[in-house]
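**Q** Questions regarding the structure given below will be posed in turn.
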Amino acid sequence: METQVSNFIRSIVAGDMAAGKNNGKVITRFPPEPNGYLHIGHAKSICLNFGLAEEFNGHCNLRFDDTNPSKEEQEYVDSIMADVRWLGFEWGDRLYYASDYFGRLYDWAVQLIKQGKAYVCDLSFEEMRQYRGTLTEAGKESPYRTRSVEENIDLFERMRKGEFPDGSKTLRAKIDMRSGNINMRDPVMYRSKHEEHHRTGNKWCIYPMYDYAHGQSDSIEGVTHSICTLEYEDHRPLYDWYLDELGIHHPQQIEFARLNLSHTVVSKRKLLRLVNEGYVSGWNDPRMPTLAGIRRRGYTPEAIRNFCERVGVGKKESLVDMALLEFCVREHLNKTAPRVMAVLRPFKVVITNYPDQEEYLDAINNPEDPDAGTRKVPFSKVLYIEQDDFMENPPKQFFRLAPGREVRLRYAYFIKCENVVKDDHGEITEIHCTYDPATRGGDAPDGRKVKATLHWVSAQHAIDAEVRLYDTLFTKEEPDDVEEGKDFTDYINPKSLEIRNGCKIEPSLKDAKHGDRFQFERLGYFCVDAVDSKPGSPVFNRTVTLKDEWAKIQKML
RNA sequence: UGGGGCGUCGGCAAGCGGUAAGCCAGCAGAUUUUGGAUCUGCCAUUCCCAGGUUCGAAUCCUGGCGCCCCAGCCA
């Protein structure tokens with residue numbers, strides 16, 4: 001159970017509950033536009049909205065904000081639903097689409113026209129831009145602003161029927177062209193778009209704008225707290241205006257700062273570019289901050305939810321360190337992932353005094369979880385160890401295998417390096433060691449100690465595997481912060497993916513299935529790639545490394 | 001005098017007039033058949049700055065400074 005820290009939205013909701021507002025009900029909603037894949041930033045919003053509903057015994061609706069047919073696709077609605085479920089949230093029968101409300105939205109628009117609060121405007125894009133004014137100068141009223149109610153109703157009706165070409169007419173709210181808030185300068189409510197919608201087909205050729213659709217959709221659903229990101233703060237007066245003019249249920253809009261994560265980008269536009277321009281293999285590339293990518297990388301929903309709770313909710317724009325996300329996965333995987341031995345860069349070791357035989361040794365599946373039990377690992381005369389675990393001329397801080405030195409092979413024996421075999425180029429091809437039969441299992445009866453324990457895999461029993469090692473997608477902490485003349489893609493990390501073939505993994509991994517997660521002892525957490533792994537040619541993704549004291553020391557050497 | 005926000009440790013973040021929580025990172029030590037995990041200790045006399053109110057201010061007032069967002073018939 002994760003510990004909760006108070007945040008201002010939780011406080012507002014709790015206060016409203018205590019005051020008996022909304023009949024003591026809390027209804028939130030997660031309203032994605034189906035025009036891209038969900039990413040870690042959305043996860044924060046999902047956790048916030050669904051979390052609040054859970055916490056206060058309310059409901060959270062999943063509503064697709066599909067008011068713009070030119071950008072939205074079914075592929076995205078499917079992926080969004082899969083991602084929300086994967087995160088662990090259920091909306092039950094509360095699945096909605098803004099497009100379901102097109103009829104009511106239209107009727108309300110007519111009502112506003114009748115109230116003299118909306119009019120059909122013939123200004124072109126360019127004219128409207130000019131009439132809007134600037135940030136520091138007031139706008140001018142449209143010459144069409146004074147059309148009669150009858151004419152407006154007639155024109156709007158004909159817009160609906162598709163009598164006018166796209167771009168020639170809009171329905172606008174009649175508010176205040178001199179407002180300091182540009183959103184209030186007679187914002188467009190409806191525009192003509194002779195385009196097929198992924199759900200309503202060709203039924204409509206006028207579509208409502210976000211500002212006009214969102215609040216009313218919230219209202220229809222009985223939403224009590226409409227939580228959105230900071231950039232909508234300026235829109236709140238408009239959100240309130242529509243609801244007040246219509247005289248319908250009025251949810252409270254609350255804005256919070258979106259999540260920014262170091263060494264990555266969290267903007268749909270940029271993620272789309274990474275996909276379209278081939279910097280990554282797709283929306284689910286394990287380096288992507290999308291939920292699909294993160295999932296394929298091996299992250300767990302528990303880790304993501306915990307992360308979202310830890311980053312908090314506020315109004316200050318911030319950049320959260322990737323290290324926190326990594327901490328959260330390690331924390332969860334440490335408790336749950338079975339341990340296994342795998343050698344990524346094999347060095348052949350021959351135990352010269354070991355008989356030509358094989359034996360099976362007991363290995364603990366997860367020291368953090370006694371119920372995980374043990375397994376048998378085969379041992380034999382020829383083994384593989386990690387290249388990084390041997391140095392011919394080690395510095396004094398290195399206490400792994402070196403000539404003349406004794407170390408422990410995990411769950412097996414103490415071995416001592418007697419000599420190395422080199423090829424014509426002076427490259428080491430084999431390490432010859434002797435073992436101490438008395439140390440079977442890893443303890444010396446005479447009580448002598450070794451400084452290091454190495455993981456290993458028996459050569460004749462090993463399975464070959466491909467392992468993909470990932471690093472951050474960007475080298476820059478804040479890739480959005482581009483220098484003059486550069487683009488965020490200039491900061492892409494050329495080493496974000498390293499593919500290692502011929503890795504040696506222990507035989508117990510033979511039946512590992514897509515998505516299965518393991519700790520490769522001393523290396524990190526890995527999962528079976530859900531896309532490319534095949535029986536007989538397994539592929540593993542490194543989710544995250546283990547904390548590595550030695551790596552830290554090496555950097556300082 | 002366009003409008004709207006935000007400024008508490010290296011990164012997040014509590015705090016709401018009573019004398020700076022917690023987490024990540026970092027550092028030091030203990031422990032360890034993963035240089036993992038675990039455990040201990042250290043890490044903001046100070047809250048953007050300057051005045052003011054008060055017995056007492058990160059919290060209230062005034063004035064500065066800095067940063068972010070807004071001129072789509074996108075969301």
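Letters A, B, ... mark the chains of the structure tokens in the order given; residue numbers begin at 1 per chain; ligand numbers begin at 1, in order shown.
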Which chain A residues have any atom within 8 Å of an atom of chain B, and for each, what is the nearest pair of atoms with distance in Å to one decimal, counting only C-alpha atoms (C1' of nucleotides), rows sorted by chain and number, as a tab-separated table?

**A**
```
residue	atom	partner	partner_atom	distance
A:Val5	CA	B:A14	C1'	7.5
A:Ser6	CA	B:A14	C1'	7.5
A:Glu33	CA	B:A75	C1'	6.9
A:Phe125	CA	B:C73	C1'	6.9
A:Arg129	CA	B:A71	C1'	7.6
A:Arg132	CA	B:A71	C1'	7.1
A:Gly133	CA	B:A71	C1'	6.9
A:Thr134	CA	B:A71	C1'	5.0
A:Leu135	CA	B:G2	C1'	5.5
A:Thr136	CA	B:G2	C1'	4.1
A:Glu137	CA	B:G2	C1'	6.7
A:Ala138	CA	B:G2	C1'	8.0
A:Gly167	CA	B:C73	C1'	6.3
A:Thr170	CA	B:C73	C1'	6.6
A:Ser179	CA	B:G3	C1'	7.9
A:Gly180	CA	B:G3	C1'	4.4
A:Asn181	CA	B:G3	C1'	4.7
A:Ile182	CA	B:A71	C1'	6.9
A:Val188	CA	B:C73	C1'	6.8
A:Tyr190	CA	B:C73	C1'	7.5
A:Arg191	CA	B:C73	C1'	5.2
A:Ser192	CA	B:C73	C1'	7.6
A:Tyr210	CA	B:A75	C1'	6.3
A:Leu230	CA	B:C69	C1'	7.7
A:Glu231	CA	B:C69	C1'	5.7
A:Glu233	CA	B:G4	C1'	6.7
A:Asp234	CA	B:G4	C1'	5.5
A:Arg310	CA	B:C23	C1'	6.8
A:Val311	CA	B:C12	C1'	5.7
A:Gly312	CA	B:A13	C1'	6.7
A:Lys315	CA	B:C6	C1'	6.8
A:Lys316	CA	B:C6	C1'	5.5
A:Glu317	CA	B:C6	C1'	7.5
A:Ser318	CA	B:C12	C1'	7.9
A:Leu319	CA	B:G11	C1'	7.5
A:Val320	CA	B:C12	C1'	6.1
A:Asp321	CA	B:G11	C1'	5.8
A:Ala323	CA	B:C24	C1'	6.9
A:Leu324	CA	B:C24	C1'	5.2
A:Phe327	CA	B:C24	C1'	7.6
A:Asn334	CA	B:A37	C1'	7.5
A:Glu368	CA	B:A37	C1'	7.6
A:Arg408	CA	B:U33	C1'	7.5
A:Arg410	CA	B:U33	C1'	6.0
A:Tyr411	CA	B:U33	C1'	6.6
A:Gly442	CA	B:U33	C1'	5.9
A:Asp443	CA	B:U33	C1'	7.4
A:Ala452	CA	B:G35	C1'	8.0
A:Thr453	CA	B:U33	C1'	6.6
A:Glu521	CA	B:U34	C1'	5.5
A:Arg522	CA	B:U34	C1'	4.8
A:Leu546	CA	B:G36	C1'	6.4
A:Lys547	CA	B:G36	C1'	6.8
A:Asp548	CA	B:G35	C1'	6.7
A:Glu549	CA	B:G35	C1'	5.1
A:Trp550	CA	B:G35	C1'	5.4
```

**Q** Contacts of A44 in chain B at 12 Å or less, counting only C-alpha atoms (C1' of nucleotides), minus same-chain residues fewer than 5 places along, as a PyMOL selection string?

**A** chain B and resi 8-9+20+58

**Q** Select from range 184-420 of chain A everything DSSP, run on the backbone, classes as alpha helix (DSSP H), then give the selection as a short mmCIF file (atom, residue, chain, number, x, y, z; two decimals) with N, CA and C atoms, in the first residue's frame.

**A**
```
data_model
loop_
_atom_site.label_atom_id
_atom_site.label_comp_id
_atom_site.auth_asym_id
_atom_site.auth_seq_id
_atom_site.Cartn_x
_atom_site.Cartn_y
_atom_site.Cartn_z
N TYR A 210 -13.32 22.38 -28.75
CA TYR A 210 -13.05 21.86 -27.41
C TYR A 210 -13.77 22.65 -26.32
N ASP A 211 -13.58 23.97 -26.34
CA ASP A 211 -14.12 24.79 -25.25
C ASP A 211 -15.63 24.67 -25.14
N TYR A 212 -16.28 24.57 -26.28
CA TYR A 212 -17.73 24.47 -26.24
C TYR A 212 -18.19 23.07 -25.83
N ALA A 213 -17.41 22.07 -26.22
CA ALA A 213 -17.84 20.69 -25.94
C ALA A 213 -17.47 20.19 -24.56
N HIS A 214 -16.33 20.63 -24.08
CA HIS A 214 -15.80 19.98 -22.88
C HIS A 214 -16.64 20.18 -21.61
N GLY A 215 -16.91 21.42 -21.30
CA GLY A 215 -17.68 21.69 -20.08
C GLY A 215 -19.06 21.07 -20.12
N GLN A 216 -19.70 21.17 -21.28
CA GLN A 216 -21.04 20.61 -21.39
C GLN A 216 -21.01 19.08 -21.29
N SER A 217 -19.95 18.48 -21.82
CA SER A 217 -19.83 17.02 -21.70
C SER A 217 -19.67 16.66 -20.22
N ASP A 218 -18.83 17.41 -19.53
CA ASP A 218 -18.66 17.19 -18.09
C ASP A 218 -20.01 17.32 -17.40
N SER A 219 -20.74 18.33 -17.79
CA SER A 219 -22.03 18.61 -17.16
C SER A 219 -23.01 17.46 -17.37
N ILE A 220 -23.10 17.00 -18.61
CA ILE A 220 -24.00 15.89 -18.93
C ILE A 220 -23.69 14.67 -18.07
N ARG A 236 -10.80 28.62 -18.23
CA ARG A 236 -11.82 28.41 -17.20
C ARG A 236 -12.96 29.42 -17.24
N PRO A 237 -12.66 30.72 -17.46
CA PRO A 237 -13.76 31.68 -17.53
C PRO A 237 -14.76 31.33 -18.64
N LEU A 238 -14.23 30.77 -19.73
CA LEU A 238 -15.10 30.39 -20.83
C LEU A 238 -15.88 29.12 -20.49
N TYR A 239 -15.18 28.19 -19.86
CA TYR A 239 -15.81 26.96 -19.38
C TYR A 239 -17.00 27.34 -18.50
N ASP A 240 -16.75 28.27 -17.58
CA ASP A 240 -17.81 28.72 -16.67
C ASP A 240 -18.92 29.46 -17.40
N TRP A 241 -18.53 30.26 -18.38
CA TRP A 241 -19.51 31.08 -19.10
C TRP A 241 -20.57 30.23 -19.80
N TYR A 242 -20.12 29.22 -20.54
CA TYR A 242 -21.07 28.36 -21.25
C TYR A 242 -22.06 27.72 -20.27
N LEU A 243 -21.51 27.16 -19.21
CA LEU A 243 -22.34 26.46 -18.25
C LEU A 243 -23.35 27.41 -17.59
N ASP A 244 -22.89 28.60 -17.26
CA ASP A 244 -23.77 29.57 -16.61
C ASP A 244 -24.85 30.07 -17.56
N GLU A 245 -24.47 30.36 -18.80
CA GLU A 245 -25.46 30.85 -19.77
C GLU A 245 -26.50 29.78 -20.05
N LEU A 246 -26.05 28.53 -20.05
CA LEU A 246 -26.98 27.43 -20.34
C LEU A 246 -27.79 27.06 -19.10
N LYS A 268 2.71 14.95 -27.54
CA LYS A 268 2.23 14.06 -28.60
C LYS A 268 2.88 14.39 -29.93
N ARG A 269 3.03 15.69 -30.19
CA ARG A 269 3.59 16.10 -31.47
C ARG A 269 5.02 15.55 -31.62
N LYS A 270 5.80 15.67 -30.56
CA LYS A 270 7.18 15.19 -30.63
C LYS A 270 7.26 13.67 -30.67
N LEU A 271 6.40 13.02 -29.92
CA LEU A 271 6.41 11.56 -29.94
C LEU A 271 6.03 11.06 -31.33
N LEU A 272 5.07 11.76 -31.94
CA LEU A 272 4.65 11.39 -33.29
C LEU A 272 5.82 11.52 -34.26
N ARG A 273 6.59 12.57 -34.09
CA ARG A 273 7.75 12.75 -34.96
C ARG A 273 8.77 11.64 -34.77
N LEU A 274 9.01 11.26 -33.53
CA LEU A 274 9.98 10.17 -33.27
C LEU A 274 9.55 8.91 -34.00
N VAL A 275 8.24 8.68 -34.02
CA VAL A 275 7.72 7.49 -34.70
C VAL A 275 7.80 7.66 -36.21
N ASN A 276 7.24 8.76 -36.71
CA ASN A 276 7.18 8.97 -38.16
C ASN A 276 8.54 9.12 -38.82
N LEU A 291 2.93 4.57 -22.60
CA LEU A 291 2.61 3.44 -21.74
C LEU A 291 2.88 2.14 -22.49
N ALA A 292 2.62 2.15 -23.79
CA ALA A 292 2.88 0.96 -24.59
C ALA A 292 4.38 0.63 -24.60
N GLY A 293 5.21 1.65 -24.69
CA GLY A 293 6.65 1.45 -24.70
C GLY A 293 7.17 1.03 -23.34
N ILE A 294 6.70 1.71 -22.33
CA ILE A 294 7.10 1.41 -20.96
C ILE A 294 6.71 -0.01 -20.57
N ARG A 295 5.54 -0.40 -21.01
CA ARG A 295 5.05 -1.76 -20.72
C ARG A 295 5.94 -2.79 -21.38
N ARG A 296 6.24 -2.55 -22.67
CA ARG A 296 7.10 -3.49 -23.41
C ARG A 296 8.50 -3.53 -22.80
N ARG A 297 8.91 -2.42 -22.25
CA ARG A 297 10.22 -2.34 -21.61
C ARG A 297 10.28 -3.20 -20.35
N PRO A 301 2.72 -1.89 -13.77
CA PRO A 301 1.73 -0.85 -13.46
C PRO A 301 1.88 -0.34 -12.03
N GLU A 302 2.21 -1.27 -11.12
CA GLU A 302 2.39 -0.87 -9.72
C GLU A 302 3.47 0.19 -9.61
N ALA A 303 4.55 0.00 -10.35
CA ALA A 303 5.66 0.95 -10.29
C ALA A 303 5.22 2.31 -10.81
N ILE A 304 4.46 2.31 -11.88
CA ILE A 304 4.02 3.57 -12.47
C ILE A 304 3.06 4.29 -11.51
N ARG A 305 2.16 3.54 -10.92
CA ARG A 305 1.20 4.17 -10.00
C ARG A 305 1.92 4.75 -8.80
N ASN A 306 2.88 4.00 -8.31
CA ASN A 306 3.66 4.49 -7.19
C ASN A 306 4.42 5.75 -7.54
N PHE A 307 4.97 5.74 -8.72
CA PHE A 307 5.70 6.90 -9.21
C PHE A 307 4.79 8.12 -9.25
N CYS A 308 3.59 7.93 -9.79
CA CYS A 308 2.65 9.04 -9.90
C CYS A 308 2.27 9.59 -8.53
N GLU A 309 2.18 8.70 -7.56
CA GLU A 309 1.86 9.16 -6.22
C GLU A 309 3.02 9.95 -5.64
N ARG A 310 4.23 9.47 -5.91
CA ARG A 310 5.40 10.14 -5.34
C ARG A 310 5.70 11.49 -5.95
N VAL A 311 5.41 11.69 -7.22
CA VAL A 311 5.75 12.98 -7.83
C VAL A 311 4.84 14.10 -7.33
N MET A 322 14.32 11.17 -13.97
CA MET A 322 14.10 9.79 -14.39
C MET A 322 14.52 8.79 -13.30
N ALA A 323 15.49 9.20 -12.47
CA ALA A 323 15.98 8.32 -11.40
C ALA A 323 14.85 7.91 -10.46
N LEU A 324 13.84 8.76 -10.32
CA LEU A 324 12.73 8.42 -9.44
C LEU A 324 11.89 7.29 -10.05
N LEU A 325 11.66 7.40 -11.36
CA LEU A 325 10.90 6.35 -12.05
C LEU A 325 11.66 5.04 -11.94
N GLU A 326 12.97 5.09 -12.17
CA GLU A 326 13.77 3.88 -12.11
C GLU A 326 13.77 3.29 -10.71
N PHE A 327 13.81 4.16 -9.72
CA PHE A 327 13.76 3.70 -8.35
C PHE A 327 12.46 2.92 -8.11
N CYS A 328 11.37 3.46 -8.64
CA CYS A 328 10.06 2.83 -8.43
C CYS A 328 9.96 1.44 -9.05
N VAL A 329 10.52 1.25 -10.27
CA VAL A 329 10.48 -0.10 -10.84
C VAL A 329 11.37 -1.03 -10.07
N ARG A 330 12.56 -0.57 -9.73
CA ARG A 330 13.47 -1.45 -8.99
C ARG A 330 12.81 -1.89 -7.70
N GLU A 331 12.17 -0.97 -7.04
CA GLU A 331 11.53 -1.26 -5.76
C GLU A 331 10.53 -2.39 -5.91
N HIS A 332 9.71 -2.31 -6.96
CA HIS A 332 8.69 -3.33 -7.16
C HIS A 332 9.28 -4.65 -7.66
N LEU A 333 10.15 -4.55 -8.64
CA LEU A 333 10.74 -5.76 -9.22
C LEU A 333 11.65 -6.48 -8.22
N ASN A 334 12.27 -5.73 -7.34
CA ASN A 334 13.13 -6.37 -6.34
C ASN A 334 12.31 -7.35 -5.51
N LYS A 335 11.09 -6.97 -5.24
CA LYS A 335 10.25 -7.83 -4.41
C LYS A 335 9.60 -8.95 -5.20
N THR A 336 9.42 -8.76 -6.49
CA THR A 336 8.62 -9.72 -7.25
C THR A 336 9.34 -10.52 -8.33
#
```

**Q** Between A:Ile415, A:Val467, A:Leu497, A:Ala551, which is the closest to Asp388 in chain A once you count only C-alpha atoms?

**A** A:Ala551

**Q** Among range 330-525 of chain A, which ones does DSSP assign to strand (DSSP E or B) (computed from the backbone)? Answer as a PyMOL selection string.

**A** chain A and resi 339-340+342-343+346-351+358-364+374-380+382-386+390+401+406-409+414-422+428-435+453-454+456-458+463-470+474+492+497-505+517-520+524-525

**Q** As an exercise, work out the distance from CA of Glu466 in chain A to CA of Lys495 in chain A in Å and give it to one decimal place.

**A**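 CA of Lys495 in chain A lies 17.0 Å from CA of Glu466 in chain A.
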
**Q** What's the 8 Å shell around Val110 in chain A, counting only C-alpha atoms (C1' of nucleotides), without same-chain residues fewer than 4 positions away, as a list in words?

**A**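 Counting only C-alpha atoms (C1' of nucleotides), the residues come to Tyr106, Lys114 and Ile153 of chain A.
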
**Q** Using the selection just defined, write its residues with N, CA, C and O atoms as a short mmCIF file (atom, residue, chain, number, x, y, z; two decimals), in the first residue's frame.

**A**
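Here's the written file part.cif:
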```cif
data_model
loop_
_atom_site.label_atom_id
_atom_site.label_comp_id
_atom_site.auth_asym_id
_atom_site.auth_seq_id
_atom_site.Cartn_x
_atom_site.Cartn_y
_atom_site.Cartn_z
N TYR A 106 -25.67 20.58 -30.05
CA TYR A 106 -26.27 21.37 -31.11
C TYR A 106 -27.49 22.13 -30.57
O TYR A 106 -27.64 23.33 -30.78
N LYS A 114 -30.73 31.75 -29.39
CA LYS A 114 -32.01 32.34 -28.99
C LYS A 114 -31.83 33.33 -27.84
O LYS A 114 -32.57 34.31 -27.73
N ILE A 153 -30.37 31.50 -36.51
CA ILE A 153 -30.93 30.15 -36.43
C ILE A 153 -30.98 29.51 -37.82
O ILE A 153 -30.60 28.36 -38.01
#
```
